[in-house]
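Enquirer: This is the structure I want to talk about, given as structure tokens.
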Amino acid sequence: MNDQRKTSDQEMKATIITEAAALFSERGYGRTKVVDIARAVGITPPSLYWHFASKEEILFEYLHSGLVEFNQRMQQAVDAHDSPTDRLRAVAVAHTRAQLEFRDQAKAVLSVTHSATQLSAGLSAERLEQIRTLIREHIDRVRDIVAAGTASGEFDAPDGIVLAFAVLNICEYSALWFQSDGDSSAEDVAQHHGELAVRMAVSGRAPTPRERHP
């Protein structure tokens with residue numbers, strides 16, 4: 001009985017987080033009330049408070065659990081390869097896959113984490129730092145790959161930071177424009193992003209005037 005109750009509680013918490021994330025994405029965190037989340041789930045506000053102490057806790061749990069899982073998936077993709085070229089391709093593919101596999105969740109995360117005002121208003125300083133640390137973990141992962149590729153001579157990137165954020169943004173924002181009924185599948189887009197990331201890394205040097213006009 002205790003195991004059943006625990007499973008039921010976990011399922012309800014997951015439902016609350018999912019419905020809250022949809023509302024955060026649609027209305028913004030500040031304009032979403034606890035009563036709105038409870039109504040979307042089909043429970044009363046007191047019942048919601050049985051599972052979460054506050055709206056802030058819901059936001060934190062959603063962001064924290066999602067980012068931890070995301071980082072694990074990205075690191076697994078990187079660890080499967082040795083060379084910086086293969087690692088950059090793999091992380092771009094994996095990042096895009098994650099964005100498109102969990103597209104609704106990705107859009108909700110983007111709507112919150114890319115608004116510094118909304119994020120800082122929604123979380124305590126301690127929780128905010130935990131989320132920022134998880135976000136920086138992936139940024140540093142890609143920057144380290146770029147730095148390793150540049151040091152080995154595999155990459156020809158004039159500015160490693162620019163390249164790293166170019167790759168990150170291409171993958172991150174695919175959740176906003178991708179259409180499942182379009183000409184390209186999610187996997188097509190992921191593979192294309194992998195090749196595009198490598199192409200940018202190995203062909204980053206701009207041609208000189210003489211090379212442009214021999």
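Every chain in the structure tokens has a letter given in the order shown (A, B, ...), and although residue numbers restart at 1 in each chain, ligands are simply numbered from 1 in the order shown.
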Residues near stretch 68-76 of chain A, anyone? I mean within 9 Å using only C-alpha atoms, not counting same-chain ones fewer than 5 positions away, as a count of residues only.

Expert: 12

Enquirer: Can you tell me, as a VMD selection string, which residues in stretch 9-211 of chain A count as alpha helix (DSSP H) by DSSP?

Expert: chain A and resid 9 to 27 34 to 41 45 to 51 55 to 79 84 to 101 103 to 113 116 to 122 125 to 152 160 to 172 174 to 177 186 to 202 209 to 211

Enquirer: Per residue of stretch 46-132 of chain A within 7 Å of stretch 144-147 of chain A, what are the shortest atom pair and its distance in Å to one decimal, counting only C-alpha atoms, with rows by chain and residue number, as a tab-separated table?

Expert:
```
residue	atom	partner	partner_atom	distance
A:Pro84	CA	A:Ile145	CA	5.6
A:Arg87	CA	A:Ile145	CA	6.9
A:Leu88	CA	A:Ile145	CA	6.4
```

Enquirer: For the residues selected in the previous step, produce a file with C-alpha atoms as a JSON list (two decimals), in the first residue's frame.

Expert:
```
[["chain", "number", "residue", "atom", "x", "y", "z"],
["A", 84, "PRO", "CA", 36.86, 16.87, -30.54],
["A", 87, "ARG", "CA", 32.35, 15.04, -29.74],
["A", 88, "LEU", "CA", 31.13, 18.33, -31.17]]
```

Enquirer: Quick one: pull the distance between atom CA of A:Pro46 and atom CA of A:Ile131, Å, one decimal.

Expert: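 Atom-to-atom, atom CA of A:Pro46 and atom CA of A:Ile131 are spaced 27.4 Å apart.
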
Enquirer: Where does stretch 141-177 of chain A meet stretch 191-196 of chain A within 10 Å, residue by residue, with the nearest atom pair and distance in Å to one decimal for each, counting only C-alpha atoms, listed by chain and rising number, as a Markdown table?

Expert:
```
| residue | atom | partner | partner_atom | distance |
| --- | --- | --- | --- | --- |
| A:Val167 | CA | A:His193 | CA | 8.2 |
| A:Ile170 | CA | A:His193 | CA | 7.3 |
| A:Cys171 | CA | A:His193 | CA | 7.0 |
| A:Ser174 | CA | A:His193 | CA | 9.6 |
```

Enquirer: Could you write those residues out with C-alpha atoms, as a compact mmCIF listing (two decimals), in the first residue's frame?

Expert:
```txt
# COMPACT_ATOMS: atom_id res chain seq x y z
CA VAL A 167 26.40 25.77 -31.80
CA ILE A 170 21.36 26.54 -33.22
CA CYS A 171 20.43 23.51 -31.13
CA SER A 174 15.23 24.38 -32.83
```

Enquirer: Just the number, please: distance in Å from atom CA of A:Gly28 to atom CA of A:Asp9, one decimal.

Expert: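 Interatomic distance here is 26.2 Å.
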
Enquirer: Go through stretch 59-154 of chain A and flag each residue having an atom no more than 12 Å from stretch 49-52 of chain A; for those, report the closest pair of atoms plus their distance in Å to one decimal, using only C-alpha atoms, ordered by chain and rising number, as CSV.

Expert:
```
residue,atom,partner,partner_atom,distance
A:Leu59,CA,A:Phe52,CA,10.1
A:Phe60,CA,A:Phe52,CA,10.6
A:Glu61,CA,A:Phe52,CA,9.4
A:Tyr62,CA,A:Phe52,CA,11.6
```

Enquirer: Any chance you can output those residues with C-alpha atoms as a JSON list (two decimals), in the first residue's frame?

Expert:
```
[["chain", "number", "residue", "atom", "x", "y", "z"],
["A", 59, "LEU", "CA", 9.33, 25.90, -10.89],
["A", 60, "PHE", "CA", 12.56, 24.80, -9.26],
["A", 61, "GLU", "CA", 11.73, 21.09, -9.38],
["A", 62, "TYR", "CA", 10.76, 21.38, -13.03]]
```

Enquirer: Mind pulling up the distance from atom CA of A:Val202 to atom CA of A:Asp86?

Expert: 12.0 Å

Enquirer: Rank A:Asp79, A:Leu168, A:Thr15, A:Ser185 by their smallest atom-to-atom distance to A:Asp140, using only C-alpha atoms, and report the top residue only.

Expert: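 Closest candidate: A:Leu168.
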
Enquirer: Which residue, A:Glu26, A:Asp181, A:Asp82, A:Glu172, has the smallest gap to A:Phe102 when you use only C-alpha atoms?

Expert: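 With only C-alpha atoms as the atom set, the closest residue is A:Glu172.
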
Enquirer: If we count only C-alpha atoms, what is near A:Val34 at a cut-off of 10 Å, once residues fewer than 5 positions away on the same chain are taken out, given as a ChimeraX atom specification?

Expert: /A:20,39-40,44-46,48-49,54-56,58

Enquirer: Residues at most 7 Å from stretch 152-163 of chain A, counting only C-alpha atoms, excluding those fewer than 2 positions away in the same chain, as a list in words?

Expert: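 Residues meeting the cut-off are Thr85, Arg143, Val146, Ala147, Ala148, Gly149, Thr150, Phe165, Ala166, Val167, Ala201, Val202, Ser203, Gly204 and Arg205 of chain A.
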
Enquirer: Could the residues in this selection be saved with N, CA and C atoms as an mmCIF file, in the first residue's frame?

Expert:
```cif
data_model
loop_
_atom_site.group_PDB
_atom_site.id
_atom_site.type_symbol
_atom_site.label_atom_id
_atom_site.label_comp_id
_atom_site.auth_asym_id
_atom_site.auth_seq_id
_atom_site.Cartn_x
_atom_site.Cartn_y
_atom_site.Cartn_z
ATOM 1 N N THR A 85 36.210 16.621 -32.879
ATOM 2 C CA THR A 85 35.275 16.705 -34.007
ATOM 3 C C THR A 85 34.066 15.814 -33.770
ATOM 4 N N ARG A 143 32.143 24.498 -24.686
ATOM 5 C CA ARG A 143 33.340 25.341 -24.775
ATOM 6 C C ARG A 143 34.611 24.509 -24.632
ATOM 7 N N VAL A 146 35.285 22.743 -27.909
ATOM 8 C CA VAL A 146 35.832 23.694 -28.882
ATOM 9 C C VAL A 146 37.291 24.000 -28.559
ATOM 10 N N ALA A 147 37.594 24.206 -27.285
ATOM 11 C CA ALA A 147 38.976 24.504 -26.893
ATOM 12 C C ALA A 147 39.909 23.340 -27.214
ATOM 13 N N ALA A 148 39.447 22.124 -26.986
ATOM 14 C CA ALA A 148 40.264 20.946 -27.276
ATOM 15 C C ALA A 148 40.497 20.807 -28.776
ATOM 16 N N GLY A 149 39.456 21.075 -29.562
ATOM 17 C CA GLY A 149 39.594 20.991 -31.015
ATOM 18 C C GLY A 149 40.513 22.053 -31.574
ATOM 19 N N THR A 150 40.474 23.229 -30.987
ATOM 20 C CA THR A 150 41.357 24.309 -31.419
ATOM 21 C C THR A 150 42.811 23.992 -31.067
ATOM 22 N N PHE A 165 28.832 29.290 -28.621
ATOM 23 C CA PHE A 165 27.467 29.801 -28.470
ATOM 24 C C PHE A 165 26.677 29.710 -29.773
ATOM 25 N N ALA A 166 27.348 29.745 -30.896
ATOM 26 C CA ALA A 166 26.648 29.541 -32.169
ATOM 27 C C ALA A 166 26.068 28.130 -32.216
ATOM 28 N N VAL A 167 26.870 27.153 -31.826
ATOM 29 C CA VAL A 167 26.397 25.767 -31.798
ATOM 30 C C VAL A 167 25.256 25.609 -30.794
ATOM 31 N N ALA A 201 33.142 24.639 -37.193
ATOM 32 C CA ALA A 201 34.377 24.510 -36.419
ATOM 33 C C ALA A 201 35.604 24.358 -37.305
ATOM 34 N N VAL A 202 35.482 23.613 -38.384
ATOM 35 C CA VAL A 202 36.662 23.348 -39.219
ATOM 36 C C VAL A 202 36.831 24.377 -40.322
ATOM 37 N N SER A 203 35.827 25.202 -40.536
ATOM 38 C CA SER A 203 35.903 26.200 -41.610
ATOM 39 C C SER A 203 35.636 27.593 -41.082
ATOM 40 N N GLY A 204 36.108 27.852 -39.857
ATOM 41 C CA GLY A 204 35.787 29.129 -39.236
ATOM 42 C C GLY A 204 36.607 30.300 -39.726
ATOM 43 N N ARG A 205 37.756 30.016 -40.341
ATOM 44 C CA ARG A 205 38.609 31.122 -40.742
ATOM 45 C C ARG A 205 38.060 31.807 -41.980
#
```

Enquirer: Pick out the closest residue to A:His64 from this set: A:Lys107, A:Arg199, A:Arg127, A:Arg27. Count only C-alpha atoms.

Expert: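 Once distances to A:His64 are computed over only C-alpha atoms, the minimum belongs to A:Arg127.
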
Enquirer: Can you tell me which residues surround A:Ser180 at a distance of at most 12 Å, considering only C-alpha atoms, apart from same-chain residues fewer than 5 positions away, and format the answer as a list in words?

Expert: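 Using only C-alpha atoms, the neighbours found are Leu100, Glu101, Arg103, Ser174, Ala175, Ser185, Ala186, Glu187, Asp188 and Val189 of chain A.
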
Enquirer: I need the residues from that last selection saved to file as a compact mmCIF listing (two decimals), in the first residue's frame (with C-alpha atoms), if you can.

Expert:
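What landed in selection.txt:
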```txt
# COMPACT_ATOMS: atom_id res chain seq x y z
CA LEU A 100 12.72 18.17 -30.34
CA GLU A 101 11.88 15.03 -28.40
CA ARG A 103 9.61 20.13 -27.52
CA SER A 174 15.23 24.38 -32.83
CA ALA A 175 12.30 23.76 -30.46
CA SER A 185 12.07 14.90 -39.46
CA ALA A 186 13.41 15.65 -35.99
CA GLU A 187 16.24 13.22 -36.62
CA ASP A 188 17.05 14.88 -39.95
CA VAL A 189 17.36 18.22 -38.17
```
